[in-house]
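> Sharing run.csv here; it has CSV, C-alpha atoms and all ligand atoms.
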chain,number,residue,atom,x,y,z
A,22,MET,CA,-88.9,42.8,-107.2
A,23,ARG,CA,-92.0,40.7,-106.9
A,24,VAL,CA,-94.2,40.7,-110.0
A,25,ARG,CA,-97.4,39.2,-111.3
A,26,CYS,CA,-99.0,38.7,-114.7
A,27,ASN,CA,-102.7,39.9,-114.8
A,28,GLU,CA,-103.3,37.8,-117.9
A,29,CYS,CA,-102.5,34.3,-116.5
A,30,GLY,CA,-101.8,34.9,-112.8
A,31,THR,CA,-98.1,33.8,-112.8
A,32,GLU,CA,-96.1,35.3,-110.0
A,33,GLY,CA,-92.4,35.4,-109.4
A,34,GLU,CA,-89.2,37.5,-109.0
A,35,PHE,CA,-88.6,40.0,-111.8
A,36,GLN,CA,-85.7,38.9,-114.0
A,37,LEU,CA,-83.8,41.2,-116.5
A,38,ALA,CA,-84.2,38.6,-119.3
A,39,ALA,CA,-87.9,38.1,-118.8
A,40,TRP,CA,-89.3,41.5,-119.7
A,41,ARG,CA,-92.8,40.0,-120.0
A,42,CYS,CA,-94.6,36.9,-118.8
A,43,SER,CA,-94.2,33.8,-121.0
A,44,CYS,CA,-97.9,34.2,-121.9
A,45,GLY,CA,-97.1,37.6,-123.4
A,46,GLY,CA,-98.7,39.6,-120.6
A,47,ALA,CA,-97.1,42.6,-119.0
A,48,TRP,CA,-95.8,42.2,-115.4
A,49,GLU,CA,-97.4,44.2,-112.6
A,50,PRO,CA,-95.8,45.0,-109.2
A,51,ALA,CA,-97.0,42.3,-106.7
A,52,ARG,CA,-97.1,42.0,-102.9
A,53,LEU,CA,-96.2,45.6,-102.3
A,54,PRO,CA,-95.4,46.4,-98.6
A,55,GLU,CA,-98.4,47.7,-96.7
A,56,PHE,CA,-98.7,51.5,-97.0
A,57,ASP,CA,-97.7,52.9,-93.6
A,58,PRO,CA,-97.5,56.7,-93.2
A,59,SER,CA,-94.8,56.4,-90.6
A,60,ARG,CA,-92.5,54.9,-93.2
A,61,ILE,CA,-92.6,58.0,-95.5
A,62,PHE,CA,-89.3,59.8,-95.7
A,63,VAL,CA,-90.9,63.1,-94.9
A,64,GLN,CA,-87.9,65.3,-95.8
A,65,ASP,CA,-87.6,63.7,-99.3
A,66,PHE,CA,-89.6,65.6,-101.9
A,67,SER,CA,-89.3,63.1,-104.7
A,68,ILE,CA,-90.9,59.8,-105.5
A,69,TRP,CA,-88.3,58.3,-103.1
A,70,ARG,CA,-90.4,59.7,-100.3
A,71,TYR,CA,-92.3,56.4,-100.6
A,72,GLY,CA,-89.2,54.3,-101.4
A,73,ARG,CA,-89.8,51.8,-98.6
A,74,MET,CA,-93.3,51.0,-100.0
A,75,LEU,CA,-92.7,50.6,-103.7
A,76,GLY,CA,-91.8,46.9,-103.7
A,77,LEU,CA,-88.5,47.7,-105.5
A,78,ASP,CA,-85.1,46.1,-104.7
A,79,ILE,CA,-83.9,49.5,-103.3
A,80,ASP,CA,-85.6,52.1,-101.1
A,81,ARG,CA,-83.2,55.0,-101.8
A,82,PRO,CA,-82.3,56.1,-105.3
A,83,ILE,CA,-78.9,55.3,-106.9
A,84,LYS,CA,-78.8,58.8,-108.4
A,85,ARG,CA,-81.1,61.7,-107.6
A,86,MET,CA,-83.0,63.2,-110.5
A,87,GLY,CA,-85.6,65.4,-108.8
A,88,VAL,CA,-88.7,63.5,-110.0
A,89,GLY,CA,-92.0,63.7,-108.1
A,90,TRP,CA,-93.8,65.8,-105.5
A,91,THR,CA,-95.4,67.9,-108.2
A,92,PRO,CA,-97.7,70.9,-107.2
A,93,ILE,CA,-101.5,70.6,-107.0
A,94,VAL,CA,-103.4,73.7,-107.8
A,95,PRO,CA,-107.1,74.5,-107.5
A,96,VAL,CA,-108.5,76.4,-110.5
A,97,GLU,CA,-112.0,77.0,-111.9
A,98,ILE,CA,-112.6,76.2,-115.6
A,99,SER,CA,-115.9,76.7,-117.3
A,100,GLY,CA,-117.5,77.1,-113.8
A,101,GLN,CA,-116.1,73.9,-112.6
A,102,LYS,CA,-113.6,73.8,-109.7
A,103,ILE,CA,-110.9,71.3,-110.3
A,104,HIS,CA,-107.4,70.5,-109.0
A,105,LEU,CA,-104.6,70.4,-111.5
A,106,LYS,CA,-101.6,68.2,-110.7
A,107,LEU,CA,-98.7,69.6,-112.6
A,108,GLU,CA,-97.0,66.4,-113.7
A,109,TYR,CA,-95.3,68.2,-116.6
A,110,LEU,CA,-93.0,70.1,-114.2
A,111,SER,CA,-90.5,67.3,-114.2
A,112,PRO,CA,-86.9,67.1,-115.5
A,113,SER,CA,-87.8,65.9,-119.0
A,114,GLY,CA,-91.1,67.8,-119.1
A,115,SER,CA,-93.6,64.9,-118.7
A,116,PHE,CA,-95.2,62.5,-116.2
A,117,LYS,CA,-93.2,59.7,-117.8
A,118,ASP,CA,-90.3,60.6,-115.5
A,119,ARG,CA,-92.1,59.3,-112.5
A,120,GLY,CA,-92.2,55.7,-113.9
A,121,VAL,CA,-88.9,55.9,-115.7
A,122,ASN,CA,-87.1,57.1,-112.6
A,123,ALA,CA,-88.2,54.0,-110.6
A,124,MET,CA,-87.6,51.7,-113.6
A,125,VAL,CA,-84.0,52.9,-114.3
A,126,ASN,CA,-83.1,52.7,-110.6
A,127,GLN,CA,-84.5,49.2,-110.4
A,128,LEU,CA,-82.8,48.0,-113.7
A,129,VAL,CA,-79.4,49.5,-112.8
A,130,LYS,CA,-79.6,48.0,-109.3
A,131,MET,CA,-80.1,44.6,-111.1
A,132,GLY,CA,-77.0,45.2,-113.1
A,133,ALA,CA,-78.3,46.7,-116.4
A,134,ASN,CA,-76.0,49.2,-118.1
A,135,LEU,CA,-77.5,49.3,-121.6
A,136,LEU,CA,-81.2,50.0,-121.9
A,137,VAL,CA,-83.4,49.7,-125.0
A,138,GLU,CA,-86.7,51.4,-125.6
A,139,ASP,CA,-89.1,52.3,-128.4
A,140,SER,CA,-90.8,55.7,-128.3
A,141,SER,CA,-91.8,58.6,-130.4
A,142,GLY,CA,-91.9,61.1,-127.6
A,143,ASN,CA,-92.0,61.6,-123.9
A,144,ALA,CA,-90.9,58.2,-122.8
A,145,GLY,CA,-87.9,58.3,-125.0
A,146,ALA,CA,-87.0,61.8,-123.7
A,147,SER,CA,-87.4,60.6,-120.1
A,148,LEU,CA,-85.2,57.5,-120.6
A,149,ALA,CA,-82.6,59.6,-122.5
A,150,ALA,CA,-82.5,62.1,-119.6
A,151,HIS,CA,-82.1,59.4,-117.0
A,152,SER,CA,-79.4,57.6,-119.1
A,153,ALA,CA,-77.4,60.9,-119.1
A,154,ARG,CA,-77.9,61.3,-115.4
A,155,PHE,CA,-76.9,57.7,-114.5
A,156,GLY,CA,-74.0,57.6,-117.0
A,157,ILE,CA,-75.4,54.5,-118.8
A,158,LYS,CA,-76.1,53.8,-122.4
A,159,SER,CA,-79.5,53.7,-124.1
A,160,LYS,CA,-80.6,52.8,-127.5
A,161,ILE,CA,-84.0,54.4,-128.4
A,162,PHE,CA,-85.8,53.2,-131.5
A,163,VAL,CA,-88.1,55.9,-132.9
A,164,PRO,CA,-90.4,55.9,-135.8
A,165,ALA,CA,-88.8,58.0,-138.7
A,166,TYR,CA,-92.0,60.1,-138.8
A,167,ALA,CA,-91.6,61.2,-135.1
A,168,SER,CA,-92.0,64.9,-134.2
A,169,PRO,CA,-88.7,66.8,-134.8
A,170,ASN,CA,-89.0,68.7,-131.5
A,171,LYS,CA,-89.2,65.5,-129.5
A,172,LEU,CA,-86.5,63.9,-131.5
A,173,ALA,CA,-84.3,66.9,-130.8
A,174,GLN,CA,-84.9,66.5,-127.1
A,175,ILE,CA,-84.2,62.8,-127.1
A,176,SER,CA,-80.9,63.3,-129.1
A,177,ILE,CA,-79.5,66.1,-127.0
A,178,TYR,CA,-79.0,63.8,-124.0
A,179,GLY,CA,-76.4,61.9,-126.0
A,180,VAL,CA,-78.2,58.6,-126.4
A,181,ASP,CA,-78.2,56.3,-129.4
A,182,VAL,CA,-81.3,57.2,-131.5
A,183,VAL,CA,-82.3,54.7,-134.2
A,184,PRO,CA,-85.0,56.0,-136.6
A,185,ILE,CA,-87.1,53.2,-138.1
A,186,GLU,CA,-89.1,53.6,-141.3
A,187,GLY,CA,-92.7,52.5,-141.4
A,188,LEU,CA,-95.3,52.0,-138.7
A,189,ARG,CA,-94.9,52.8,-134.9
A,190,SER,CA,-95.0,49.0,-134.4
A,191,ALA,CA,-91.9,48.7,-136.6
A,192,ALA,CA,-89.9,50.6,-134.0
A,193,GLU,CA,-91.3,48.5,-131.3
A,194,ASN,CA,-90.4,45.3,-133.1
A,195,ALA,CA,-86.9,46.6,-133.8
A,196,ALA,CA,-86.3,47.4,-130.1
A,197,GLN,CA,-87.6,44.0,-129.0
A,198,ALA,CA,-85.4,42.3,-131.6
A,199,CYS,CA,-82.2,43.7,-130.1
A,200,VAL,CA,-83.3,43.1,-126.4
A,201,GLY,CA,-81.1,40.4,-124.8
A,202,LYS,CA,-78.1,40.6,-127.1
A,203,ASP,CA,-77.7,44.4,-127.1
A,204,GLY,CA,-79.4,45.5,-123.9
A,205,ILE,CA,-82.3,45.4,-121.4
A,206,TYR,CA,-85.8,46.4,-122.4
A,207,ALA,CA,-86.8,49.5,-120.5
A,208,SER,CA,-90.3,49.7,-121.8
A,209,HIS,CA,-92.8,52.2,-120.4
A,210,ALA,CA,-95.5,49.8,-121.6
A,211,TYR,CA,-94.3,46.6,-120.1
A,212,ASN,CA,-91.9,47.3,-117.2
A,213,PRO,CA,-93.4,46.7,-113.7
A,214,ALA,CA,-91.0,49.1,-111.9
A,215,TYR,CA,-92.3,51.8,-114.3
A,216,LEU,CA,-95.8,51.2,-113.0
A,217,ALA,CA,-94.5,51.2,-109.4
A,218,GLY,CA,-93.1,54.7,-110.0
A,219,GLN,CA,-96.5,56.0,-111.2
A,220,ILE,CA,-98.1,54.7,-107.9
A,221,THR,CA,-96.4,57.6,-106.1
A,222,ALA,CA,-98.7,60.2,-107.7
A,223,ALA,CA,-101.7,58.6,-105.8
A,224,TRP,CA,-99.9,58.8,-102.5
A,225,GLU,CA,-98.8,62.4,-103.1
A,226,LEU,CA,-102.4,63.3,-103.9
A,227,TRP,CA,-103.5,61.7,-100.6
A,228,GLU,CA,-101.0,63.7,-98.7
A,229,GLN,CA,-101.6,67.0,-100.6
A,230,LEU,CA,-105.4,66.7,-100.1
A,231,ASN,CA,-105.0,66.5,-96.3
A,232,ARG,CA,-105.1,62.7,-96.3
A,233,HIS,CA,-108.1,62.4,-98.6
A,234,VAL,CA,-108.4,61.1,-102.1
A,235,PRO,CA,-110.3,62.9,-104.9
A,236,ASP,CA,-113.8,61.9,-106.0
A,237,TRP,CA,-112.7,61.8,-109.6
A,238,VAL,CA,-109.4,61.5,-111.5
A,239,ILE,CA,-109.5,62.3,-115.2
A,240,SER,CA,-106.5,61.5,-117.4
A,241,PRO,CA,-105.4,60.8,-121.0
A,242,VAL,CA,-104.8,57.1,-121.5
A,243,ALA,CA,-102.6,55.2,-124.1
A,244,GLN,CA,-100.7,52.4,-122.4
A,245,GLY,CA,-102.3,53.6,-119.1
A,246,GLY,CA,-99.2,53.8,-117.0
A,247,GLN,CA,-100.3,56.8,-115.1
A,248,PHE,CA,-103.9,55.6,-114.8
A,249,LEU,CA,-103.0,52.2,-113.5
A,250,GLY,CA,-100.3,53.5,-111.2
A,251,LEU,CA,-102.8,55.9,-109.6
A,252,TRP,CA,-105.3,53.0,-109.2
A,253,PHE,CA,-102.7,50.7,-107.6
A,254,GLY,CA,-101.8,53.6,-105.2
A,255,PHE,CA,-105.4,54.2,-104.2
A,256,LYS,CA,-106.0,50.5,-103.8
A,257,HIS,CA,-103.1,50.3,-101.3
A,258,LEU,CA,-104.5,53.1,-99.2
A,259,LEU,CA,-107.9,51.4,-99.2
A,260,GLU,CA,-106.4,48.1,-98.1
A,261,VAL,CA,-105.0,49.6,-94.9
A,262,GLY,CA,-108.1,51.6,-94.2
A,263,LEU,CA,-106.6,55.0,-94.8
A,264,ILE,CA,-109.4,55.8,-97.3
A,265,ASP,CA,-112.9,54.3,-97.6
A,266,ARG,CA,-113.3,54.4,-101.4
A,267,ILE,CA,-111.3,54.6,-104.6
A,268,PRO,CA,-111.9,57.7,-106.8
A,269,ARG,CA,-114.0,57.3,-110.0
A,270,MET,CA,-111.4,57.0,-112.7
A,271,VAL,CA,-112.0,58.5,-116.2
A,272,ALA,CA,-109.8,57.6,-119.1
A,273,VAL,CA,-109.8,60.0,-122.1
A,274,GLN,CA,-108.8,59.2,-125.7
A,275,PRO,CA,-108.9,61.1,-129.0
A,276,ALA,CA,-112.1,60.1,-130.9
A,277,ARG,CA,-110.0,59.3,-134.0
A,278,ILE,CA,-108.0,56.6,-132.2
A,279,ALA,CA,-109.8,55.2,-129.1
A,280,PRO,CA,-109.3,51.5,-128.7
A,281,LEU,CA,-110.2,51.6,-125.0
A,282,PHE,CA,-113.3,53.7,-125.6
A,283,ASN,CA,-114.4,51.2,-128.3
A,284,ALA,CA,-113.9,48.2,-126.0
A,285,TRP,CA,-115.7,49.9,-123.1
A,286,CYS,CA,-118.7,50.9,-125.2
A,287,GLN,CA,-119.0,47.3,-126.4
A,288,GLY,CA,-118.8,45.9,-122.9
A,289,LEU,CA,-115.7,43.8,-123.8
A,290,GLU,CA,-113.1,42.4,-121.4
A,291,GLU,CA,-110.2,42.8,-123.7
A,292,VAL,CA,-109.1,45.7,-125.9
A,293,LYS,CA,-109.0,45.0,-129.6
A,294,SER,CA,-106.5,46.6,-131.9
A,295,ILE,CA,-108.0,49.3,-134.0
A,296,GLU,CA,-107.0,51.5,-136.9
A,297,ALA,CA,-107.3,55.3,-136.6
A,298,SER,CA,-110.0,57.1,-138.5
A,299,GLY,CA,-107.5,59.9,-139.1
A,300,PRO,CA,-104.5,61.7,-137.6
A,301,THR,CA,-104.8,63.3,-134.1
A,302,VAL,CA,-103.1,66.2,-132.4
A,303,ALA,CA,-103.0,64.0,-129.2
A,304,GLU,CA,-99.9,62.2,-130.6
A,305,GLY,CA,-98.9,61.0,-127.1
A,306,VAL,CA,-101.9,58.6,-126.9
A,307,ALA,CA,-102.1,57.6,-130.6
A,308,ILE,CA,-101.7,53.9,-130.1
A,309,SER,CA,-103.8,51.2,-131.6
A,310,HIS,CA,-103.6,48.7,-128.8
A,311,PRO,CA,-102.6,49.0,-125.1
A,312,VAL,CA,-100.7,46.0,-123.7
A,313,ARG,CA,-102.5,46.3,-120.4
A,314,GLY,CA,-106.0,46.7,-122.0
A,315,LYS,CA,-107.7,44.0,-119.9
A,316,ARG,CA,-106.5,45.6,-116.6
A,317,LEU,CA,-107.6,49.0,-117.8
A,318,LEU,CA,-111.1,47.8,-118.4
A,319,GLN,CA,-111.2,46.1,-115.0
A,320,VAL,CA,-110.1,49.3,-113.3
A,321,ILE,CA,-112.7,51.4,-115.1
A,322,LYS,CA,-115.4,48.9,-114.2
A,323,ASP,CA,-114.3,48.5,-110.5
A,324,THR,CA,-114.1,52.3,-109.9
A,325,ASN,CA,-117.4,53.0,-111.5
A,326,GLY,CA,-115.3,55.0,-114.0
A,327,MET,CA,-115.8,56.0,-117.6
A,328,VAL,CA,-114.1,56.3,-120.9
A,329,VAL,CA,-114.5,59.5,-122.9
A,330,ALA,CA,-113.6,60.1,-126.6
A,331,ILE,CA,-112.8,63.7,-127.7
A,332,ASP,CA,-113.0,65.3,-131.1
A,333,GLU,CA,-109.9,67.1,-132.5
A,334,ASP,CA,-111.5,70.6,-132.3
A,335,ALA,CA,-112.4,70.1,-128.7
A,336,ILE,CA,-108.8,69.0,-127.8
A,337,LEU,CA,-107.3,72.2,-129.3
A,338,MET,CA,-109.9,74.3,-127.7
A,339,ALA,CA,-109.2,72.8,-124.3
A,340,GLN,CA,-105.5,73.4,-124.8
A,341,GLN,CA,-106.2,77.1,-125.5
A,342,ASP,CA,-108.7,77.3,-122.6
A,343,LEU,CA,-106.1,76.1,-120.1
A,344,ALA,CA,-103.4,78.4,-121.5
A,345,ARG,CA,-105.8,81.3,-120.8
A,346,HIS,CA,-105.6,80.1,-117.2
A,347,GLY,CA,-101.8,80.2,-117.3
A,348,TYR,CA,-101.0,76.6,-118.1
A,349,TYR,CA,-99.3,75.6,-121.4
A,350,ILE,CA,-99.6,71.9,-122.0
A,351,GLU,CA,-99.3,69.7,-125.0
A,352,PRO,CA,-102.6,68.7,-126.8
A,353,THR,CA,-102.5,65.1,-125.4
A,354,SER,CA,-102.8,66.6,-121.9
A,355,ALA,CA,-105.7,68.8,-123.0
A,356,LEU,CA,-107.8,65.7,-123.6
A,357,ALA,CA,-108.6,65.5,-119.9
A,358,ILE,CA,-109.6,69.1,-119.7
A,359,ALA,CA,-111.9,68.7,-122.7
A,360,ALA,CA,-113.5,65.7,-121.1
A,361,LEU,CA,-114.8,67.9,-118.2
A,362,ASN,CA,-117.6,69.2,-120.5
A,363,ASN,CA,-118.6,65.6,-121.5
A,364,ILE,CA,-119.1,64.4,-117.9
A,365,ALA,CA,-120.1,67.6,-116.1
A,366,GLU,CA,-123.6,66.2,-115.4
A,367,TYR,CA,-122.2,63.5,-113.2
A,368,PHE,CA,-120.3,65.8,-110.8
A,369,ASN,CA,-121.7,66.8,-107.5
A,370,ARG,CA,-121.1,70.3,-106.3
A,371,THR,CA,-118.6,69.3,-103.6
A,372,ASP,CA,-116.7,66.7,-105.6
A,373,ILE,CA,-113.0,67.0,-105.7
A,374,ILE,CA,-111.9,66.5,-109.3
A,375,VAL,CA,-108.2,66.0,-110.1
A,376,VAL,CA,-106.7,66.4,-113.6
A,377,PRO,CA,-103.0,65.5,-113.9
A,378,LEU,CA,-101.4,67.6,-116.6
A,379,THR,CA,-99.1,65.2,-118.3
A,380,GLY,CA,-96.8,67.0,-120.8
A,381,ASN,CA,-95.3,70.4,-121.3
A,382,GLY,CA,-96.6,72.6,-124.1
A,383,LEU,CA,-93.0,73.6,-124.9
A,384,LYS,CA,-92.5,70.1,-126.3
A,385,GLY,CA,-93.5,71.9,-129.5
A,386,LYS,CA,-96.0,72.1,-132.2
A,387,PRO,CA,-97.9,68.9,-132.3
A,388,LYS,CA,-97.0,66.2,-134.8
A,389,TYR,CA,-100.2,64.5,-136.0
A,390,GLY,CA,-100.0,61.0,-134.6
A,391,ASP,CA,-101.6,58.6,-137.0
A,392,GLY,CA,-102.9,55.5,-135.3
A,393,SER,CA,-102.8,53.6,-138.5
A,394,LYS,CA,-99.0,54.2,-138.3
A,395,ASP,CA,-98.9,53.2,-134.7
B,401,ZN,ZN,-98.9,35.6,-118.0
Starting from the coordinates I provided, produce the structure as structure tokens.

Amino acid sequence: MRVRCNECGTEGEFQLAAWRCSCGGAWEPARLPEFDPSRIFVQDFSIWRYGRMLGLDIDRPIKRMGVGWTPIVPVEISGQKIHLKLEYLSPSGSFKDRGVNAMVNQLVKMGANLLVEDSSGNAGASLAAHSARFGIKSKIFVPAYASPNKLAQISIYGVDVVPIEGLRSAAENAAQACVGKDGIYASHAYNPAYLAGQITAAWELWEQLNRHVPDWVISPVAQGGQFLGLWFGFKHLLEVGLIDRIPRMVAVQPARIAPLFNAWCQGLEEVKSIEASGPTVAEGVAISHPVRGKRLLQVIKDTNGMVVAIDEDAILMAQQDLARHGYYIEPTSALAIAALNNIAEYFNRTDIIVVPLTGNGLKGKPKYGDGSKD
């Protein structure tokens, strides 16, 4: 798999031992094949529909999991017509499966049989589910304070769960310390194949919207895997002339822990690490520092996008609002619904607005993610 570091420009073949660039930057997929509609496997209703264009070392999956081709549904919320993309309808209940499915196939193809990850929630559950399906071992480091519901999900797949006392970063450090001697780092924050898997959502949208892309995409952002994957996907459609513009991309964060929002408001080119002003119900995005912060800011600028920060009350209200329309999602997903009110003045009447719903509400009562512990 060809990869490139957006921090220093280094390019090369992805190696199992080099989970990030020597400069510390995260690898991105590089030199993807041109997007060509005639190369779509049209009878494949999973991310492998686009297997020939993902730049991975394989174009068919080693094991099928049933990830991808999620429904898109038009709804009207507060007088605003939007399209929901039901990403939470995935085997482990979150959008993370899209990236993890591509990543696990790529890593297993390269010879990995023991994977290591740090997560307090959806990424860990997704990796654990894939490990069970692929019959490989995983070791998942979780903060000891992680939500019991999500821990129960990660554990039931039979993987090795290692609780780590202290901050969220302590779990990350513990995972990284055992990479190499004990396994391959399968990180949703750093792995380039994870990002490649998230690209497929953009191409699905293009097909599902009758070969058009939306005017707006609004999504919750922590590490930004979904956000950046969508952008890569749209960019590839633009490069071959299948679309004439990239949607305006809006990143949404909880006001209590909004490192990207802070950087964007200050006009910075890098995202600085911040401390939370308090706990947030949007635990899935409670991180103090995204590893792809520079790229996230570039994408927001290039797409004439925005970053929105949402108060706790508004997050819970949006979760309830959406439930009244028939969709039960976790509070982190509700961030994007809440943001509709903040930016309504920018929408034109005919604009197509897509909101991916990232995580299932059945994941349980929210654990208050505390950025200072992240
Ligand atoms: Zn680099």
> Between atom CA of Ala47 of chain A and atom CA of Leu289 of chain A, what is the spacing in Å?
19.2 Å
> Set the distance at 10 Å and use all atoms listed in the file: which residues neighbour Ile161 of chain A once local chain neighbours fewer than 6 positions away are removed? I'd like the list as a list in words.
Leu136, Val137, Glu138, Asp139, Ser140, Ser141, Ala144, Gly145, Ala146, Leu148, Ala149, Ile175, Ser176, Val180, Asp181, Val182, Val183, Pro184, Ala192, Glu193, Ala195, Ala196 and Ala207 of chain A
> Which residues of chain A come within 10 Å of ligand ZN 401 (chain B), and for each one, what is the closest pair of atoms and their distance in Å to one decimal, counting all atoms listed in the file, sorted by chain and residue number, as a tab-separated table?

residue	atom	partner	partner_atom	distance
A:Arg25	CA	B:ZN401	ZN	7.8
A:Cys26	CA	B:ZN401	ZN	4.5
A:Asn27	CA	B:ZN401	ZN	6.6
A:Glu28	CA	B:ZN401	ZN	4.9
A:Cys29	CA	B:ZN401	ZN	4.1
A:Gly30	CA	B:ZN401	ZN	6.0
A:Thr31	CA	B:ZN401	ZN	5.6
A:Glu32	CA	B:ZN401	ZN	8.5
A:Arg41	CA	B:ZN401	ZN	7.8
A:Cys42	CA	B:ZN401	ZN	4.6
A:Ser43	CA	B:ZN401	ZN	5.9
A:Cys44	CA	B:ZN401	ZN	4.3
A:Gly45	CA	B:ZN401	ZN	6.0
A:Gly46	CA	B:ZN401	ZN	4.8
A:Ala47	CA	B:ZN401	ZN	7.3
A:Trp48	CA	B:ZN401	ZN	7.7
> Place a sphere of radius 12 Å on (-80.5, 48.8, -114.3) in the file coordinates and name every protein, DNA or RNA residue with an atom inside or on its surface, counting only C-alpha atoms; give the answer as a VMD selection string.
chain A and resid 36 to 38 77 to 79 82 to 84 121 to 137 148 151 to 152 155 to 159 204 to 207 212 214
> Under the rule that only C-alpha atoms are counted, which of A:Gly262, A:Pro280, A:Pro169, A:Gly142 is the nearest residue to Leu317 of chain A?
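Among the listed residues, the smallest separation from Leu317 of chain A belongs to A:Pro280.
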> Between atom CA of Val375 of chain A and atom CA of Lys106 of chain A, what is the spacing in Å?
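Taking atom CA of Lys106 of chain A as the start and atom CA of Val375 of chain A as the end point, the length is 7.0 Å.
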> List the neighbours of Glu225 of chain A out to 9 Å using all atoms listed in the file; skip same-chain residues closer than 6 positions along the sequence, and give me the result as a list in words.
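With the cut-off at 9 Å, the set is Ile68, Gly89, Trp90 and Thr91 of chain A.
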> Need the shell around Gly245 of chain A: protein/DNA/RNA residues with any atom at most 10 Å away, counting all atoms listed in the file. Skip same-chain ones fewer than 5 positions apart. Format as a PyMOL selection string?
chain A and resi 209-210+216+240+250-251+272+306+311-314+316-317
> Check the smallest atom-to-atom distance from each of A:Gly382, A:Pro300, A:Gly326, A:Pro235 to Ile103 of chain A using all atoms listed in the file, then report the winner.
A:Pro235
> Using all atoms listed in the file, find the one residue out of A:Pro377, A:Gly347, A:Gly87, A:Pro275 that sits nearest to Leu105 of chain A.
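Nearest candidate to Leu105 of chain A out of A:Pro377, A:Gly347, A:Gly87, A:Pro275: A:Pro377.
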